[in-house]
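In what follows, a single structure is set out as structure tokens and then discussed.
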Amino acid sequence: MAFAQDAQPEVGSEEISNVIIVTASKREQTLQETPISVSVTSGDVLEQAQIRDVLDLQTVTPSLRVSQLQNSSSTTFIIRGFGNGDNNFGVEPSVGVFIDGVFRSRSAASLSDLNMVQRIEVLNGPQSTLFGKNASAGVISVVTKEPQYEFGGQIEASYGNYDAVVLRGEITGPIADNIAFSLDGSYNRRDGYARIVNLDEDISERNRWSARGQLLIEPTADFKIRAIADYSKIDEACCQVSTLVAGPTAAAILAVGGGLDTDIFSYRTFLNRVPVNKVENYGGSVQADWSTGPLSVTSITAYRKLNNLVDQDVDFSGADIVNERRDQRVETFTQELRLTSDFDGPINFLLGGFYFDETVKQDSGLTTGANARQVFSLLAGGPTVFNGVELALGLPQNSIFTPGPLTAERFAMDNKAWSVFGTVDFEPVDGLVFTGGFNYTDDKKDFSFAMDAFDPLSRTNLVDAFITLATGGAVSNRTQFQALPAANQQALLAAATNPAVNTLLPLTPLQFQPPFLSLPNAVEPGRTNDDKFTYLLRAAYQVSNEVNIYASYATGFKASSVNLSRDSRPLPSDFTPGPSGSLFAAPSSPVTNAGLALPNLNTGTRFAGPENAEVYEVGVKAQWPGFGFNLALFDQTIKGFQSVLFTGTGFALANAGQQSVRGFELDTTIRPSDSLVFTFAATHLDPKFDSFVGSPVGDLSGLRPGGVPGWSLATSATHTLEIGSSKLITRVDYSHESNVAINNGLPTFNGPVNARRDPRIFSREVNLVNASMIFQLENGLEVGAWARNLLNDQYLITVFDGVAQAGTVSAYPSQPRTYGGLVRFKF
């Protein structure tokens with residue numbers, strides 16, 4: 001799929017299009033020589049296909065799937081069916097993103113427009129040997145252009161539907177004989193393609209800009225320094241969510257004046273406020289390369305800062321029920337050091353070390369809206385039901401679901417990690433290379449959580465409240481209850497847990513945000529400490545000048561991820577709740593014995609343990625004049641895959657026992673003439689939950705994971721018509737994802753999956769056609785037109801349970817057709 005020339009071959013070369021330089025192995029090699037399943041997209045293809053950011057990259061890379069969900073900064077990267085959501089900043093992605101060799105620990109830090117890019121490499125499968133920090137599923141490596149000593153650059157302006165304006169520019173040139181610079185920037189603004197009907201405002205808009213400066217300093221012929229500083233900002237109202245199924249709560253929402261629209265592709269929605277998402281991302285890096293004879297040393301030092309602010313209506317309805325605000329800050333320092341050999345003999349090596357130091361802070365909270373009490377009163381039985389409950393429980397009138405703060409949250413995490421890694425290549429005879437690689441990683445996380453829950457109903461256990469009322473106030477705590485004779489305890493519990501006797505119990509589903517057990521505490525230290533040795537074994541053989549084959553076995557690792565959210569709960573081994581969350585009847589456990597137990601405290605996870613991956617892979621890479629193909633067959637497994645699933649009111653973080661996938665990846669390039677190039681790429685996946693007992697929708701063991709299509713295809717045709725000294729370049733590409741169940745069920749709509757014969761699983765199929773035509777004049781002026789999703793294909797990106805609306809299903813619709821024209825000038 002990558003046919004553009006990324007490095008200048010020698011003059012007179014007959015196979016210019018075959019020379020594609022990649023650094024997937026952290027050495028410069030041609031794509032054909034690199035014994036890794038890697039897809040390369042050149043800067044020329046990015047320009048021709050009008051790929052603006054990583055969201056569009058999947059249309060030319062079938063092994064990669066990218067989805068943007070709740071807001072601009074919630075983006076998920078998935079390779080071969082493995083990936084994690086980015087809605088929780090304590091959960092690091094399984095797909096590592098590197099820009100100019102610098103690790104971006106959160107996808108929100110890699111969302112700026114793809115400007116001045118030389119190429120993008122997508123490395124499929126575990127890459128922990130050389131990319132030790134969170135690459136258990138794969139790597140996306142973005143390589144930008146180096147400054148040049150010849151003055152030049154380009155400017156571009158594009159205008160499209162939805163009043164889309166994109167401005168981009170770059171300039172490079174010399175400062176001195178051994179110093180060159182480059183500057184580039186982009187501005188991207190577009191009206192929303194969806195509408196908040198009741199507010200008469202756009203949503204799913206674009207409003208972002210970025211700038212970057214680089215210096216290339218070469219004091220001597222064998223010493224080079226590349227310094228990069230960049231800044232980007234996003235300030236957008238995103239993203240469009242529609243109601244797919246209106247459940248039993250819809251009548252209550254409509255009764256208080258909230259609107260719903262179940263026509264998912266009308267791009268109409270109802271919200272009580274315009275969502276806000278502001279992302280500020282900046283940093284710098286210094287890469288130094290020094291060569292001395294057959295040895296070279298590379299050092300990459302980087303500092304990055306990410307600020308992410310989200311403020312939005314999270315019940316996704318016109319009723320003012322609940323809103324959320326998240327203020328997240330990430331500060332990261334990384335240092336990488338590598339020593340690489342280039343001996344004439346049979347043995348060469350790469351040895352390196354990596355250090356990572358990061359701080360994550362989050363201040364967040366939920367706010368109860370003006371319509372919350374009305375809506376939940378209707379659901380509970382009548383407009384005055386809470387007045388009676390408040391009277392019975394001795395609470396102030398109108399205190400339940402009163403407008404104002406529902407929670408106030410403070411989360412923090414410090415992560416320090418280091419690793420040593422290396423590879424050794426042994427070439428006993430020409431063309432046959434045996435490679436052994438290793439990585440040892442040590443990862444430590446210290447985290448603290450604190451939350452205030454303000455709703456008095458959620459702070460009251462309804463079983464314990466009944467016992468206190470039934471005993472006339474004589475039993476008001478656990479000590480007093482445990483002192484009762486066993487027969488008395490059993491009788492009180494039997495009555496308190498019987499809905500026919502305890503008429504308060506039906507209110508349990510409305511206790512959305514119970515008290516939160518802060519940590520560290522006497523039982524939970526608030527830390528993880530993981531270390532792992534991973535390795536690579538590979539044999540590669542150059543059958544001929546045109547054909548290379550390889551076989552490899554590799555292991556991968558990702559350290560524990562932390563649940564930095566209000567859904568964090570003590571592990572079952574630390575706490576055992578009583579019946580219906582009763583604190584009075586809670587059996588002995590470390591948390592209870594330490595006097596830390598709180599009303600309605602439940603169990604879950606504070607963190608998910610490490611992921612351990614392994615992959616068997618065989619591949620063939622072949623290249624002849626006019627034709628080439630790469631084929632990889634693989635069997636990949638991740639044990640303890642860190643699953644993040646939405647449960648209707650929060651996110652559950654848990655380790656799946658084991659998830660595996662078998663399949664193949666194929667990409668071909670056919671050049672029947674100098675003016676015509678065809679590409680075809682296909683990925684086939686056969687995934688399975690080998691073991692996943694404790695998912696929010698039941699036992700998934702033996703089932704196919706939702707959202708992983710069996711077939712993904714990407715094909716393109718590019719034609720260059722020479723008109724005198726000018727060129728007309730026409731490109732059409734098509735990407736396809738076969739029909740697939742979006743998920744394995746929804747906890748409050750159709751889960752657990754084993755409880756129904758008809759789980760009503762929603763599905764998705766994708767068929768996207770993109771096209772562009774660019775007329776290049778000899779003087780550097782280019783004029784063109786482009787269209788993405790030309791045929792206006794409509795599909796569901798994903799679905800989820802309506803927030804605090806059991807039986808309702810919300811969904812994200814796909815983006816409609818976009819098109820426009822551009823003018824570009826290269827000099």
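We label chains A, B, ... in the order they appear in the structure tokens, count residues from 1 in each chain, and number ligands from 1 in the order shown.
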Report task. Within 9 Å of Ala654 in chain A, counting only C-alpha atoms, which residues show up once you throw out same-chain ones fewer than 3 positions away? Write them as an NGL selection string, please. Result -> :A and (604-605 or 607-609 or 640-645 or 694-695)
Query - Residue neighbourhood range 492-507 of chain A, 12 Å, only C-alpha atoms, exclusion window fewer than 5 positions, as a PyMOL selection string - result: chain A and resi 376-381+385-386+388-390+392-393+400+457-458+460-471+475+481-482+484-487+512+578-586
**Report entry** Spatial neighbours of range 217-231 of chain A, max dist 6 Å, only C-alpha atoms, sep filter under 3 positions, as an NGL selection string
**Finding:** :A and (178-179 or 210-214 or 281-291)
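Remark: for Phe646 in chain A, the closest of the candidate residues A:Leu596, A:Val809, A:Gly526, A:Val618 is A:Val809 (distances computed over only C-alpha atoms).
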Query - Residues within 8 Å of Ala597 in chain A, only C-alpha atoms, excluding chain neighbours under 4 positions, as an MDAnalysis selection string - result: chainID A and resid 517 583 591:592 601
Report task. Could you give me, as an MDAnalysis selection string, the residues within 10 Å of Phe343 in chain A, counting only C-alpha atoms and dropping anything in the same chain fewer than 3 positions from it? Result -> chainID A and resid 293:295 340 346:349
Those residues you just picked out, can you put them in a file as a tab-separated table (two decimals), in the first residue's frame with all heavy atoms?
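And here is the file that came out, out_6.tsv:
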```
chain	number	residue	atom	x	y	z
A	293	GLY	N	33.11	5.00	13.26
A	293	GLY	CA	33.43	3.73	12.63
A	293	GLY	C	32.18	2.89	12.48
A	293	GLY	O	31.14	3.36	12.00
A	294	PRO	N	32.23	1.63	12.91
A	294	PRO	CA	31.07	0.75	12.75
A	294	PRO	C	30.02	0.91	13.85
A	294	PRO	O	29.02	0.21	13.84
A	294	PRO	CB	31.70	-0.64	12.82
A	294	PRO	CG	32.87	-0.47	13.73
A	294	PRO	CD	33.40	0.92	13.46
A	295	LEU	N	30.23	1.80	14.80
A	295	LEU	CA	29.30	1.97	15.90
A	295	LEU	C	28.61	3.33	15.80
A	295	LEU	O	29.22	4.32	15.39
A	295	LEU	CB	30.02	1.86	17.25
A	295	LEU	CG	30.67	0.51	17.57
A	295	LEU	CD1	31.40	0.60	18.91
A	295	LEU	CD2	29.62	-0.60	17.62
A	340	THR	N	24.29	1.02	18.27
A	340	THR	CA	24.04	0.14	17.14
A	340	THR	C	25.34	-0.12	16.40
A	340	THR	O	26.16	0.79	16.23
A	340	THR	CB	23.02	0.77	16.18
A	340	THR	OG1	21.87	1.17	16.91
A	340	THR	CG2	22.61	-0.21	15.10
A	346	PRO	N	29.79	-11.37	10.60
A	346	PRO	CA	28.48	-12.02	10.65
A	346	PRO	C	27.60	-11.57	11.81
A	346	PRO	O	26.43	-11.93	11.86
A	346	PRO	CB	28.83	-13.50	10.80
A	346	PRO	CG	30.15	-13.50	11.50
A	346	PRO	CD	30.89	-12.30	10.99
A	347	ILE	N	28.14	-10.82	12.77
A	347	ILE	CA	27.37	-10.46	13.96
A	347	ILE	C	27.23	-8.94	14.05
A	347	ILE	O	28.21	-8.20	13.91
A	347	ILE	CB	28.04	-11.01	15.24
A	347	ILE	CG1	28.03	-12.53	15.23
A	347	ILE	CG2	27.32	-10.49	16.48
A	347	ILE	CD1	28.71	-13.16	16.42
A	348	ASN	N	25.99	-8.51	14.27
A	348	ASN	CA	25.71	-7.10	14.57
A	348	ASN	C	24.70	-7.05	15.70
A	348	ASN	O	23.97	-8.01	15.96
A	348	ASN	CB	25.16	-6.38	13.33
A	348	ASN	CG	26.28	-5.89	12.43
A	348	ASN	OD1	26.96	-4.93	12.77
A	348	ASN	ND2	26.47	-6.56	11.30
A	349	PHE	N	24.65	-5.90	16.36
A	349	PHE	CA	23.80	-5.81	17.54
A	349	PHE	C	23.21	-4.42	17.67
A	349	PHE	O	23.68	-3.44	17.07
A	349	PHE	CB	24.58	-6.16	18.81
A	349	PHE	CG	25.64	-5.14	19.17
A	349	PHE	CD1	25.34	-4.04	19.96
A	349	PHE	CD2	26.95	-5.28	18.71
A	349	PHE	CE1	26.30	-3.09	20.29
A	349	PHE	CE2	27.91	-4.34	19.02
A	349	PHE	CZ	27.59	-3.24	19.83
```
Report task. Fewer than 6 positions away in the same chain doesn't count, so skip those; otherwise give me all residues within 10 Å of Asp801 in chain A, counting only C-alpha atoms, as a ChimeraX atom specification. Result -> /A:243-245,646-649,745-750,807-811
Take the selection from the previous step and output its residues with all heavy atoms, as a compact mmCIF listing (two decimals), in the first residue's frame.
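Final output, again.txt:
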```
# COMPACT_ATOMS: atom_id res chain seq x y z
N THR A 243 -29.92 8.62 20.05
CA THR A 243 -30.63 7.53 20.72
C THR A 243 -31.02 6.49 19.68
O THR A 243 -31.75 6.80 18.72
CB THR A 243 -31.89 8.05 21.43
OG1 THR A 243 -31.51 9.05 22.39
CG2 THR A 243 -32.62 6.93 22.14
N LEU A 244 -30.53 5.29 19.84
CA LEU A 244 -30.84 4.21 18.90
C LEU A 244 -32.10 3.46 19.32
O LEU A 244 -32.94 3.12 18.50
CB LEU A 244 -29.65 3.24 18.83
CG LEU A 244 -29.71 2.13 17.79
CD1 LEU A 244 -29.79 2.71 16.39
CD2 LEU A 244 -28.49 1.23 17.92
N VAL A 245 -32.23 3.21 20.63
CA VAL A 245 -33.42 2.56 21.18
C VAL A 245 -33.89 3.40 22.37
O VAL A 245 -33.13 3.64 23.30
CB VAL A 245 -33.12 1.12 21.64
CG1 VAL A 245 -34.36 0.51 22.29
CG2 VAL A 245 -32.67 0.26 20.47
N PHE A 646 -18.22 -0.15 29.28
CA PHE A 646 -19.18 0.76 29.89
C PHE A 646 -20.34 -0.06 30.44
O PHE A 646 -20.88 -0.95 29.77
CB PHE A 646 -19.68 1.78 28.86
CG PHE A 646 -20.58 2.82 29.45
CD1 PHE A 646 -20.11 3.71 30.39
CD2 PHE A 646 -21.90 2.92 29.05
CE1 PHE A 646 -20.93 4.69 30.92
CE2 PHE A 646 -22.74 3.89 29.57
CZ PHE A 646 -22.24 4.78 30.52
N THR A 647 -20.78 0.25 31.65
CA THR A 647 -21.81 -0.54 32.32
C THR A 647 -23.14 0.20 32.46
O THR A 647 -24.05 -0.29 33.10
CB THR A 647 -21.34 -0.94 33.72
OG1 THR A 647 -21.12 0.24 34.51
CG2 THR A 647 -20.06 -1.75 33.66
N GLY A 648 -23.26 1.38 31.90
CA GLY A 648 -24.48 2.17 32.02
C GLY A 648 -24.33 3.37 32.93
O GLY A 648 -24.94 4.41 32.71
N THR A 649 -23.52 3.21 33.98
CA THR A 649 -23.24 4.35 34.86
C THR A 649 -21.75 4.53 35.08
O THR A 649 -21.34 5.47 35.76
CB THR A 649 -23.93 4.17 36.23
OG1 THR A 649 -23.52 2.92 36.79
CG2 THR A 649 -25.43 4.19 36.08
N GLY A 745 -22.87 -7.55 23.72
CA GLY A 745 -24.03 -7.28 24.55
C GLY A 745 -23.82 -6.04 25.39
O GLY A 745 -22.69 -5.58 25.58
N LEU A 746 -24.91 -5.49 25.87
CA LEU A 746 -24.89 -4.29 26.70
C LEU A 746 -25.44 -4.64 28.08
O LEU A 746 -26.51 -5.27 28.18
CB LEU A 746 -25.73 -3.18 26.06
CG LEU A 746 -25.26 -2.72 24.68
CD1 LEU A 746 -26.28 -1.79 24.05
CD2 LEU A 746 -23.90 -2.05 24.78
N PRO A 747 -24.74 -4.28 29.15
CA PRO A 747 -25.11 -4.75 30.49
C PRO A 747 -26.56 -4.50 30.89
O PRO A 747 -27.20 -5.38 31.46
CB PRO A 747 -24.14 -3.98 31.40
CG PRO A 747 -22.94 -3.76 30.54
CD PRO A 747 -23.47 -3.53 29.16
N THR A 748 -27.12 -3.31 30.59
CA THR A 748 -28.49 -3.04 31.05
C THR A 748 -29.53 -3.23 29.95
O THR A 748 -30.72 -3.14 30.22
CB THR A 748 -28.62 -1.61 31.62
OG1 THR A 748 -28.56 -0.66 30.55
CG2 THR A 748 -27.54 -1.32 32.64
N PHE A 749 -29.08 -3.49 28.71
CA PHE A 749 -30.04 -3.63 27.61
C PHE A 749 -30.25 -5.09 27.24
O PHE A 749 -31.37 -5.56 27.11
CB PHE A 749 -29.56 -2.84 26.39
CG PHE A 749 -30.45 -2.98 25.20
CD1 PHE A 749 -31.74 -2.45 25.21
CD2 PHE A 749 -30.03 -3.65 24.07
CE1 PHE A 749 -32.57 -2.58 24.11
CE2 PHE A 749 -30.85 -3.78 22.95
CZ PHE A 749 -32.13 -3.25 22.98
N ASN A 750 -29.17 -5.83 27.05
CA ASN A 750 -29.33 -7.22 26.62
C ASN A 750 -28.27 -8.13 27.22
O ASN A 750 -27.87 -9.12 26.63
CB ASN A 750 -29.27 -7.33 25.09
CG ASN A 750 -28.03 -6.66 24.51
OD1 ASN A 750 -27.08 -6.37 25.23
ND2 ASN A 750 -28.03 -6.42 23.22
N GLY A 807 -32.30 0.09 29.57
CA GLY A 807 -33.16 -0.23 28.44
C GLY A 807 -33.02 0.69 27.26
O GLY A 807 -33.53 0.40 26.18
N THR A 808 -32.34 1.81 27.45
CA THR A 808 -32.07 2.74 26.35
C THR A 808 -30.69 2.44 25.76
O THR A 808 -29.76 2.09 26.48
CB THR A 808 -32.12 4.20 26.85
OG1 THR A 808 -33.48 4.53 27.15
CG2 THR A 808 -31.60 5.17 25.81
N VAL A 809 -30.57 2.59 24.45
CA VAL A 809 -29.30 2.38 23.77
C VAL A 809 -28.94 3.66 23.02
O VAL A 809 -29.75 4.18 22.24
CB VAL A 809 -29.35 1.20 22.79
CG1 VAL A 809 -28.02 1.03 22.07
CG2 VAL A 809 -29.71 -0.09 23.52
N SER A 810 -27.74 4.15 23.26
CA SER A 810 -27.22 5.31 22.53
C SER A 810 -26.16 4.83 21.54
O SER A 810 -25.59 3.74 21.70
CB SER A 810 -26.61 6.33 23.49
OG SER A 810 -27.57 6.81 24.41
N ALA A 811 -25.90 5.63 20.53
CA ALA A 811 -24.96 5.19 19.49
C ALA A 811 -24.26 6.39 18.87
O ALA A 811 -24.77 7.51 18.88
CB ALA A 811 -25.69 4.40 18.41
```
Query - Spatial neighbours of range 66-72 of chain A, max dist 10 Å, only C-alpha atoms, sep filter under 3 positions, as number ranges by chain - result: A: 54-59, 75-79, 83, 85-87, 108, 111, 204-206, 234-241, 275-279, 308, 310-312, 314, 797-798, 811-814
